[in-house]
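Visitor: protein.cif is reproduced below (mmCIF, N, CA and C atoms).
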data_data
#
loop_
_atom_site.label_atom_id
_atom_site.label_comp_id
_atom_site.auth_asym_id
_atom_site.auth_seq_id
_atom_site.Cartn_x
_atom_site.Cartn_y
_atom_site.Cartn_z
N MET A 4 -4.61 39.85 28.41
CA MET A 4 -5.19 40.42 27.20
C MET A 4 -6.63 40.88 27.50
N ASN A 5 -7.02 41.94 26.88
CA ASN A 5 -8.37 42.48 27.04
C ASN A 5 -9.37 41.69 26.20
N GLN A 6 -10.61 41.71 26.63
CA GLN A 6 -11.69 41.04 25.90
C GLN A 6 -12.29 42.03 24.91
N HIS A 7 -12.52 41.58 23.68
CA HIS A 7 -13.06 42.46 22.64
C HIS A 7 -14.46 42.02 22.23
N PHE A 8 -15.32 43.01 22.03
CA PHE A 8 -16.68 42.81 21.56
C PHE A 8 -16.96 43.84 20.48
N ILE A 9 -18.00 43.57 19.68
CA ILE A 9 -18.44 44.54 18.69
C ILE A 9 -19.94 44.74 18.84
N ALA A 10 -20.37 45.98 18.73
CA ALA A 10 -21.80 46.29 18.83
C ALA A 10 -22.48 45.90 17.52
N ILE A 11 -23.56 45.14 17.63
CA ILE A 11 -24.29 44.77 16.42
C ILE A 11 -25.62 45.51 16.33
N LYS A 12 -25.92 46.30 17.37
CA LYS A 12 -27.11 47.14 17.38
C LYS A 12 -26.71 48.49 17.96
N THR A 13 -27.38 49.53 17.56
CA THR A 13 -27.15 50.85 18.14
C THR A 13 -27.97 50.95 19.43
N PHE A 14 -27.33 51.42 20.49
CA PHE A 14 -28.02 51.57 21.76
C PHE A 14 -27.40 52.71 22.56
N GLU A 15 -28.08 53.11 23.61
CA GLU A 15 -27.63 54.21 24.45
C GLU A 15 -27.23 53.67 25.82
N HIS A 16 -26.18 54.26 26.39
CA HIS A 16 -25.71 53.85 27.72
C HIS A 16 -25.50 55.10 28.57
N HIS A 17 -25.97 55.02 29.81
CA HIS A 17 -25.76 56.11 30.75
C HIS A 17 -24.45 55.87 31.48
N ILE A 18 -23.52 56.81 31.35
CA ILE A 18 -22.23 56.72 32.02
C ILE A 18 -22.40 57.29 33.42
N GLU A 19 -22.04 56.49 34.41
CA GLU A 19 -22.15 56.91 35.80
C GLU A 19 -20.84 57.54 36.26
N CYS A 20 -20.97 58.57 37.06
CA CYS A 20 -19.81 59.21 37.66
C CYS A 20 -20.02 59.28 39.16
N PHE A 21 -19.01 58.91 39.91
CA PHE A 21 -19.13 58.89 41.35
C PHE A 21 -18.33 60.01 42.01
N CYS A 22 -17.96 61.01 41.22
CA CYS A 22 -17.30 62.19 41.76
C CYS A 22 -18.34 62.98 42.57
N PRO A 23 -17.88 63.78 43.52
CA PRO A 23 -18.84 64.56 44.31
C PRO A 23 -19.74 65.47 43.47
N ASP A 24 -19.21 66.04 42.40
CA ASP A 24 -20.03 66.93 41.58
C ASP A 24 -20.69 66.21 40.40
N GLY A 25 -20.28 65.00 40.09
CA GLY A 25 -20.89 64.21 39.02
C GLY A 25 -20.67 64.78 37.64
N ASP A 26 -19.58 65.50 37.42
CA ASP A 26 -19.32 66.15 36.13
C ASP A 26 -19.12 65.18 34.98
N HIS A 27 -18.72 63.97 35.25
CA HIS A 27 -18.37 63.04 34.19
C HIS A 27 -19.52 62.14 33.75
N SER A 28 -20.69 62.30 34.35
CA SER A 28 -21.80 61.45 33.96
C SER A 28 -22.45 61.99 32.68
N GLY A 29 -23.17 61.13 31.99
CA GLY A 29 -23.83 61.54 30.75
C GLY A 29 -24.26 60.33 29.96
N GLU A 30 -24.75 60.59 28.79
CA GLU A 30 -25.22 59.53 27.89
C GLU A 30 -24.23 59.37 26.73
N ILE A 31 -24.07 58.14 26.31
CA ILE A 31 -23.26 57.85 25.14
C ILE A 31 -24.07 56.94 24.23
N ILE A 32 -23.99 57.18 22.94
CA ILE A 32 -24.66 56.32 21.97
C ILE A 32 -23.62 55.39 21.38
N ILE A 33 -23.84 54.12 21.56
CA ILE A 33 -22.98 53.08 20.99
C ILE A 33 -23.61 52.69 19.66
N LYS A 34 -22.85 52.81 18.58
CA LYS A 34 -23.38 52.55 17.25
C LYS A 34 -23.01 51.15 16.76
N ASN A 35 -23.80 50.66 15.85
CA ASN A 35 -23.52 49.39 15.20
C ASN A 35 -22.11 49.44 14.61
N GLY A 36 -21.27 48.49 14.98
CA GLY A 36 -19.90 48.44 14.48
C GLY A 36 -18.87 49.02 15.44
N ASP A 37 -19.31 49.66 16.52
CA ASP A 37 -18.36 50.16 17.52
C ASP A 37 -17.72 48.98 18.24
N ILE A 38 -16.45 49.11 18.53
CA ILE A 38 -15.71 48.02 19.16
C ILE A 38 -15.49 48.32 20.63
N PHE A 39 -15.89 47.37 21.47
CA PHE A 39 -15.72 47.44 22.91
C PHE A 39 -14.46 46.69 23.28
N GLU A 40 -13.60 47.31 24.03
CA GLU A 40 -12.45 46.62 24.59
C GLU A 40 -12.61 46.68 26.10
N VAL A 41 -12.83 45.54 26.72
CA VAL A 41 -13.03 45.47 28.17
C VAL A 41 -11.70 45.06 28.79
N SER A 42 -11.13 45.97 29.56
CA SER A 42 -9.82 45.70 30.15
C SER A 42 -9.97 44.90 31.44
N LYS A 43 -8.87 44.45 31.96
CA LYS A 43 -8.87 43.70 33.21
C LYS A 43 -8.95 44.63 34.42
N GLU A 44 -8.86 45.93 34.19
CA GLU A 44 -8.94 46.89 35.29
C GLU A 44 -10.36 46.93 35.84
N ARG A 45 -10.47 46.70 37.13
CA ARG A 45 -11.77 46.66 37.80
C ARG A 45 -11.78 47.65 38.96
N LYS A 46 -12.99 48.03 39.33
CA LYS A 46 -13.17 48.97 40.44
C LYS A 46 -14.46 48.60 41.16
N TYR A 47 -14.41 48.56 42.47
CA TYR A 47 -15.62 48.28 43.25
C TYR A 47 -16.11 49.58 43.86
N VAL A 48 -17.38 49.89 43.65
CA VAL A 48 -17.99 51.09 44.21
C VAL A 48 -19.03 50.63 45.23
N ILE A 49 -18.86 51.08 46.45
CA ILE A 49 -19.79 50.68 47.52
C ILE A 49 -21.21 51.08 47.13
N ASP A 50 -22.14 50.19 47.36
CA ASP A 50 -23.58 50.37 47.06
C ASP A 50 -23.89 50.34 45.56
N HIS A 51 -22.89 50.14 44.70
CA HIS A 51 -23.14 50.09 43.26
C HIS A 51 -22.57 48.83 42.61
N GLY A 52 -21.54 48.25 43.18
CA GLY A 52 -20.99 47.01 42.65
C GLY A 52 -19.71 47.20 41.85
N TRP A 53 -19.43 46.20 41.03
CA TRP A 53 -18.19 46.15 40.25
C TRP A 53 -18.33 46.90 38.93
N TYR A 54 -17.23 47.56 38.57
CA TYR A 54 -17.13 48.29 37.31
C TYR A 54 -15.85 47.88 36.61
N CYS A 55 -15.87 47.88 35.30
CA CYS A 55 -14.67 47.57 34.52
C CYS A 55 -14.38 48.73 33.58
N TRP A 56 -13.12 48.87 33.23
CA TRP A 56 -12.69 49.93 32.33
C TRP A 56 -12.97 49.49 30.90
N VAL A 57 -13.74 50.28 30.18
CA VAL A 57 -14.15 49.96 28.81
C VAL A 57 -13.60 51.03 27.88
N ILE A 58 -13.03 50.59 26.77
CA ILE A 58 -12.52 51.50 25.75
C ILE A 58 -13.32 51.24 24.47
N ILE A 59 -13.88 52.29 23.91
CA ILE A 59 -14.69 52.15 22.70
C ILE A 59 -13.92 52.74 21.53
N ASN A 60 -13.74 51.92 20.50
CA ASN A 60 -13.04 52.31 19.27
C ASN A 60 -11.65 52.87 19.53
N ASN A 61 -11.00 52.35 20.57
CA ASN A 61 -9.65 52.76 20.92
C ASN A 61 -9.55 54.28 21.12
N TYR A 62 -10.67 54.89 21.53
CA TYR A 62 -10.70 56.34 21.65
C TYR A 62 -11.34 56.80 22.96
N TYR A 63 -12.57 56.38 23.21
CA TYR A 63 -13.34 56.87 24.35
C TYR A 63 -13.36 55.80 25.43
N SER A 64 -13.02 56.17 26.67
CA SER A 64 -12.96 55.17 27.74
C SER A 64 -13.67 55.68 28.99
N PHE A 65 -14.20 54.73 29.75
CA PHE A 65 -14.94 55.03 30.98
C PHE A 65 -15.16 53.73 31.74
N TYR A 66 -15.63 53.87 32.99
CA TYR A 66 -16.00 52.70 33.77
C TYR A 66 -17.45 52.35 33.48
N MET A 67 -17.69 51.05 33.25
CA MET A 67 -19.04 50.55 33.00
C MET A 67 -19.32 49.43 34.00
N SER A 68 -20.51 49.45 34.55
CA SER A 68 -20.84 48.41 35.52
C SER A 68 -20.85 47.04 34.84
N LEU A 69 -20.43 46.05 35.58
CA LEU A 69 -20.46 44.69 35.03
C LEU A 69 -21.89 44.25 34.75
N ASP A 70 -22.84 44.74 35.54
CA ASP A 70 -24.25 44.42 35.29
C ASP A 70 -24.71 44.96 33.94
N ALA A 71 -24.33 46.20 33.62
CA ALA A 71 -24.71 46.80 32.33
C ALA A 71 -24.06 46.02 31.19
N LEU A 72 -22.79 45.70 31.35
CA LEU A 72 -22.08 44.94 30.32
C LEU A 72 -22.73 43.58 30.11
N ASP A 73 -23.11 42.94 31.19
CA ASP A 73 -23.79 41.65 31.12
C ASP A 73 -25.13 41.76 30.40
N GLN A 74 -25.88 42.82 30.68
CA GLN A 74 -27.18 43.02 30.02
C GLN A 74 -27.00 43.26 28.52
N PHE A 75 -26.01 44.04 28.14
CA PHE A 75 -25.75 44.28 26.71
C PHE A 75 -25.41 42.97 26.01
N PHE A 76 -24.65 42.13 26.70
CA PHE A 76 -24.27 40.84 26.14
C PHE A 76 -25.48 39.91 26.02
N LYS A 77 -26.31 39.86 27.07
CA LYS A 77 -27.49 38.99 27.05
C LYS A 77 -28.51 39.42 26.01
N LYS A 78 -28.65 40.73 25.81
CA LYS A 78 -29.60 41.24 24.81
C LYS A 78 -29.02 41.20 23.40
N GLU A 79 -27.77 40.72 23.29
CA GLU A 79 -27.05 40.62 22.03
C GLU A 79 -26.88 41.97 21.35
N TYR A 80 -26.64 43.00 22.16
CA TYR A 80 -26.24 44.30 21.62
C TYR A 80 -24.77 44.26 21.24
N ILE A 81 -24.00 43.44 21.97
CA ILE A 81 -22.58 43.26 21.69
C ILE A 81 -22.30 41.76 21.58
N LEU A 82 -21.34 41.42 20.72
CA LEU A 82 -20.95 40.02 20.54
C LEU A 82 -19.44 39.90 20.55
N SER A 83 -18.97 38.78 21.04
CA SER A 83 -17.54 38.46 20.97
C SER A 83 -17.28 37.80 19.61
N ARG A 84 -16.01 37.57 19.32
CA ARG A 84 -15.65 36.92 18.06
C ARG A 84 -16.23 35.50 17.99
N LEU A 85 -16.19 34.79 19.12
CA LEU A 85 -16.74 33.44 19.17
C LEU A 85 -18.24 33.45 18.90
N ASP A 86 -18.96 34.40 19.49
CA ASP A 86 -20.40 34.51 19.26
C ASP A 86 -20.71 34.77 17.80
N ILE A 87 -19.89 35.60 17.17
CA ILE A 87 -20.08 35.89 15.75
C ILE A 87 -19.88 34.62 14.93
N GLU A 88 -18.84 33.85 15.26
CA GLU A 88 -18.58 32.60 14.55
C GLU A 88 -19.77 31.64 14.67
N LEU A 89 -20.33 31.54 15.87
CA LEU A 89 -21.49 30.67 16.07
C LEU A 89 -22.69 31.14 15.26
N LYS A 90 -22.93 32.45 15.24
CA LYS A 90 -24.04 32.99 14.46
C LYS A 90 -23.83 32.77 12.96
N LEU A 91 -22.58 32.91 12.51
CA LEU A 91 -22.28 32.67 11.09
C LEU A 91 -22.54 31.21 10.72
N ASN A 92 -22.15 30.30 11.59
CA ASN A 92 -22.43 28.88 11.34
C ASN A 92 -23.93 28.63 11.23
N TYR A 93 -24.69 29.22 12.14
CA TYR A 93 -26.14 29.05 12.11
C TYR A 93 -26.74 29.64 10.84
N LEU A 94 -26.29 30.83 10.46
CA LEU A 94 -26.82 31.46 9.24
C LEU A 94 -26.47 30.65 8.00
N ASN A 95 -25.28 30.09 7.95
CA ASN A 95 -24.92 29.22 6.82
C ASN A 95 -25.82 27.99 6.78
N PHE A 96 -26.12 27.42 7.94
CA PHE A 96 -27.04 26.29 8.02
C PHE A 96 -28.41 26.68 7.47
N ARG A 97 -28.92 27.83 7.91
CA ARG A 97 -30.24 28.28 7.46
C ARG A 97 -30.27 28.57 5.97
N ILE A 98 -29.18 29.11 5.44
CA ILE A 98 -29.11 29.37 4.00
C ILE A 98 -29.12 28.06 3.23
N ASN A 99 -28.34 27.09 3.69
CA ASN A 99 -28.33 25.78 3.03
C ASN A 99 -29.70 25.11 3.10
N LEU A 100 -30.36 25.23 4.23
CA LEU A 100 -31.70 24.68 4.39
C LEU A 100 -32.69 25.36 3.42
N SER A 101 -32.57 26.68 3.31
CA SER A 101 -33.43 27.42 2.38
C SER A 101 -33.20 26.98 0.94
N LEU A 102 -31.94 26.73 0.59
CA LEU A 102 -31.64 26.26 -0.77
C LEU A 102 -32.22 24.87 -1.01
N ASP A 103 -32.09 24.00 0.00
CA ASP A 103 -32.64 22.64 -0.13
C ASP A 103 -34.16 22.66 -0.30
N GLU A 104 -34.81 23.57 0.40
CA GLU A 104 -36.27 23.64 0.35
C GLU A 104 -36.79 24.55 -0.75
N GLY A 105 -35.88 25.28 -1.40
CA GLY A 105 -36.30 26.20 -2.45
C GLY A 105 -37.04 27.42 -1.91
N ASP A 106 -36.73 27.82 -0.69
CA ASP A 106 -37.39 28.95 -0.02
C ASP A 106 -36.59 30.23 -0.29
N GLU A 107 -37.00 30.96 -1.31
CA GLU A 107 -36.27 32.15 -1.74
C GLU A 107 -36.33 33.27 -0.70
N ILE A 108 -37.46 33.44 -0.04
CA ILE A 108 -37.62 34.51 0.95
C ILE A 108 -36.67 34.28 2.14
N SER A 109 -36.65 33.05 2.65
CA SER A 109 -35.76 32.72 3.75
C SER A 109 -34.30 32.85 3.33
N PHE A 110 -33.99 32.46 2.11
CA PHE A 110 -32.63 32.57 1.60
C PHE A 110 -32.17 34.02 1.59
N LYS A 111 -32.99 34.90 1.06
CA LYS A 111 -32.62 36.33 0.99
C LYS A 111 -32.50 36.93 2.39
N TYR A 112 -33.41 36.56 3.27
CA TYR A 112 -33.41 37.08 4.63
C TYR A 112 -32.12 36.71 5.36
N HIS A 113 -31.75 35.45 5.33
CA HIS A 113 -30.57 34.99 6.05
C HIS A 113 -29.27 35.42 5.36
N THR A 114 -29.29 35.54 4.05
CA THR A 114 -28.11 36.01 3.32
C THR A 114 -27.79 37.46 3.68
N LYS A 115 -28.82 38.27 3.84
CA LYS A 115 -28.63 39.67 4.22
C LYS A 115 -27.91 39.76 5.57
N PHE A 116 -28.36 38.97 6.55
CA PHE A 116 -27.73 39.00 7.87
C PHE A 116 -26.33 38.41 7.84
N LEU A 117 -26.13 37.41 7.00
CA LEU A 117 -24.80 36.81 6.88
C LEU A 117 -23.79 37.83 6.36
N LYS A 118 -24.18 38.59 5.36
CA LYS A 118 -23.28 39.61 4.80
C LYS A 118 -22.93 40.66 5.85
N GLY A 119 -23.94 41.14 6.59
CA GLY A 119 -23.69 42.15 7.62
C GLY A 119 -22.80 41.64 8.73
N LEU A 120 -23.05 40.42 9.16
CA LEU A 120 -22.26 39.84 10.23
C LEU A 120 -20.83 39.55 9.79
N ASN A 121 -20.65 39.14 8.54
CA ASN A 121 -19.30 38.94 8.00
C ASN A 121 -18.52 40.25 8.00
N GLY A 122 -19.19 41.34 7.67
CA GLY A 122 -18.54 42.65 7.69
C GLY A 122 -18.11 43.04 9.10
N LEU A 123 -18.98 42.79 10.08
CA LEU A 123 -18.64 43.10 11.47
C LEU A 123 -17.50 42.21 11.97
N LYS A 124 -17.51 40.95 11.57
CA LYS A 124 -16.43 40.03 11.96
C LYS A 124 -15.10 40.52 11.40
N MET A 125 -15.10 40.94 10.15
CA MET A 125 -13.88 41.43 9.52
C MET A 125 -13.37 42.69 10.23
N LYS A 126 -14.29 43.57 10.61
CA LYS A 126 -13.90 44.79 11.32
C LYS A 126 -13.29 44.45 12.67
N LEU A 127 -13.90 43.53 13.40
CA LEU A 127 -13.38 43.13 14.70
C LEU A 127 -12.02 42.44 14.56
N ASP A 128 -11.89 41.56 13.57
CA ASP A 128 -10.61 40.88 13.33
C ASP A 128 -9.50 41.88 13.01
N ASN A 129 -9.81 42.85 12.17
CA ASN A 129 -8.81 43.87 11.80
C ASN A 129 -8.39 44.68 13.03
N TYR A 130 -9.34 45.01 13.87
CA TYR A 130 -9.04 45.77 15.08
C TYR A 130 -8.15 44.96 16.02
N ILE A 131 -8.52 43.71 16.24
CA ILE A 131 -7.73 42.86 17.14
C ILE A 131 -6.32 42.67 16.59
N ASN A 132 -6.20 42.44 15.29
CA ASN A 132 -4.87 42.29 14.68
C ASN A 132 -4.05 43.57 14.83
N TYR A 133 -4.67 44.72 14.64
CA TYR A 133 -3.99 46.00 14.80
C TYR A 133 -3.47 46.17 16.23
N ILE A 134 -4.33 45.86 17.20
CA ILE A 134 -3.94 45.98 18.61
C ILE A 134 -2.78 45.03 18.93
N GLU A 135 -2.87 43.80 18.46
CA GLU A 135 -1.82 42.82 18.74
C GLU A 135 -0.50 43.22 18.10
N GLU A 136 -0.54 43.74 16.87
CA GLU A 136 0.69 44.15 16.20
C GLU A 136 1.35 45.32 16.92
N ASN A 137 0.55 46.27 17.39
CA ASN A 137 1.11 47.43 18.05
C ASN A 137 1.61 47.14 19.45
N GLN A 138 1.10 46.11 20.09
CA GLN A 138 1.60 45.75 21.42
C GLN A 138 2.93 45.02 21.33
N LEU A 139 3.23 44.45 20.17
CA LEU A 139 4.50 43.72 20.00
C LEU A 139 5.67 44.66 19.74
N ILE A 140 5.37 45.87 19.32
CA ILE A 140 6.45 46.82 18.97
C ILE A 140 7.12 47.35 20.20
#
Output the file's structure as structure tokens, nothing else.
Guide:
Amino acid sequence: MNQHFIAIKTFEHHIECFCPDGDHSGEIIIKNGDIFEVSKERKYVIDHGWYCWVIINNYYSFYMSLDALDQFFKKEYILSRLDIELKLNYLNFRINLSLDEGDEISFKYHTKFLKGLNGLKMKLDNYINYIEENQLI
């Protein structure tokens, strides 16, 4: 099964092409809510390292270096479903703490992020369910 992530921030990625003419290289803008599907297909490029096949929104696909994917993950540009669950737990904790302390500003701040993250979680869940249902047919 492929690994799924969702972009929680908009960012730009340079697509590398190793063809002699380099026609396939360029920039792509990954938007908040775009879904990354990282397949098990890998490719090693001498002097550049490992690359994996990435599909964005079940539409656009290309090879992305594992280093770039790792950086996006570390900078929290993309999150897995488990990461979202952990962030939701933390936000619920912070909201409860804000209620206990009567901190309205903190409550509103964390509630806003909780709503956005819940929406992204629902989008990722729907996508994964769609993919799983269509693979069973």
Visitor: Report as a ChimeraX atom specification the residues that result from applying the PyMOL selection byres (((chain A and resi 127 and name CA) around 8) and name CA) to the structure here.
Guide: /A:7-9,38,84,123-126,128-131
Visitor: At what distance in Å, to one decimal, does CA of Asn61 in chain A lie from atom C of Lys115 in chain A?
Guide: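 The value is 27.2 Å.
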Visitor: Could you jot down the CA of Val57 in chain A to CA of Ile33 in chain A separation for me, Å, one decimal place?
Guide: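 Value for the CA of Val57 in chain A-CA of Ile33 in chain A distance: 12.2 Å.
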Visitor: Each side padded by 8 Å, which centre and which edge lengths in Å (one decimal) define the axis-aligned box around the listed atoms of range 77-82 of chain A? Give them as JSON.
Guide:
{"center_x": -24.5, "center_y": 41.6, "center_z": 23.8, "size_x": 26.2, "size_y": 21.3, "size_z": 22.5}
Visitor: What is the CA of His51 in chain A to atom N of Lys78 in chain A distance in Å?
Guide: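 Taking CA of His51 in chain A and atom N of Lys78 in chain A, their separation equals 20.6 Å.
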Visitor: Give the strand (DSSP E) residues of chain A, as assigned by DSSP on the backbone, as a ChimeraX atom specification.
Guide: /A:6-10,14-18,29-33,38-48,52-59,63-68,81-82
Visitor: Mind listing as a list in words all residues within 12 Å of (-26.7, 44.3, 23.3), counting only C-alpha atoms?
Guide: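 Counting only C-alpha atoms, I find these residues within 12 Å of (-26.7, 44.3, 23.3): Phe8, Ile9, Ala10, Ile11, Lys12, Thr13, Phe14, Glu15, His16, Ile33, Lys34, Asn35, Gly36, Asp37, Phe39, Ala71, Leu72, Asp73, Gln74, Phe75, Phe76, Lys77, Lys78, Glu79, Tyr80, Ile81, Leu82 and Ser83 of chain A.
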Visitor: Taking the file as I've supplied it (selection: the PyMOL selection byres ((chain A and resi 56) around 5)), which residues are included? Please answer as a PyMOL selection string.
Guide: chain A and resi 41-42+44+54-55+57-58+65-66
Visitor: Identify which of the residues A:Glu40, A:Glu19, A:Asp86, A:Glu30 lies closest to Ile134 in chain A, counting only C-alpha atoms when measuring atom-to-atom distances.
Guide: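 That would be A:Glu40, the residue with the smallest distance to Ile134 in chain A.
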Visitor: Quick one: residues within 8 Å of Leu117 in chain A, all atoms listed in the file, excluding same-chain residues fewer than 6 positions away - as a PyMOL selection string?
Guide: chain A and resi 90-91+94-95+111+123
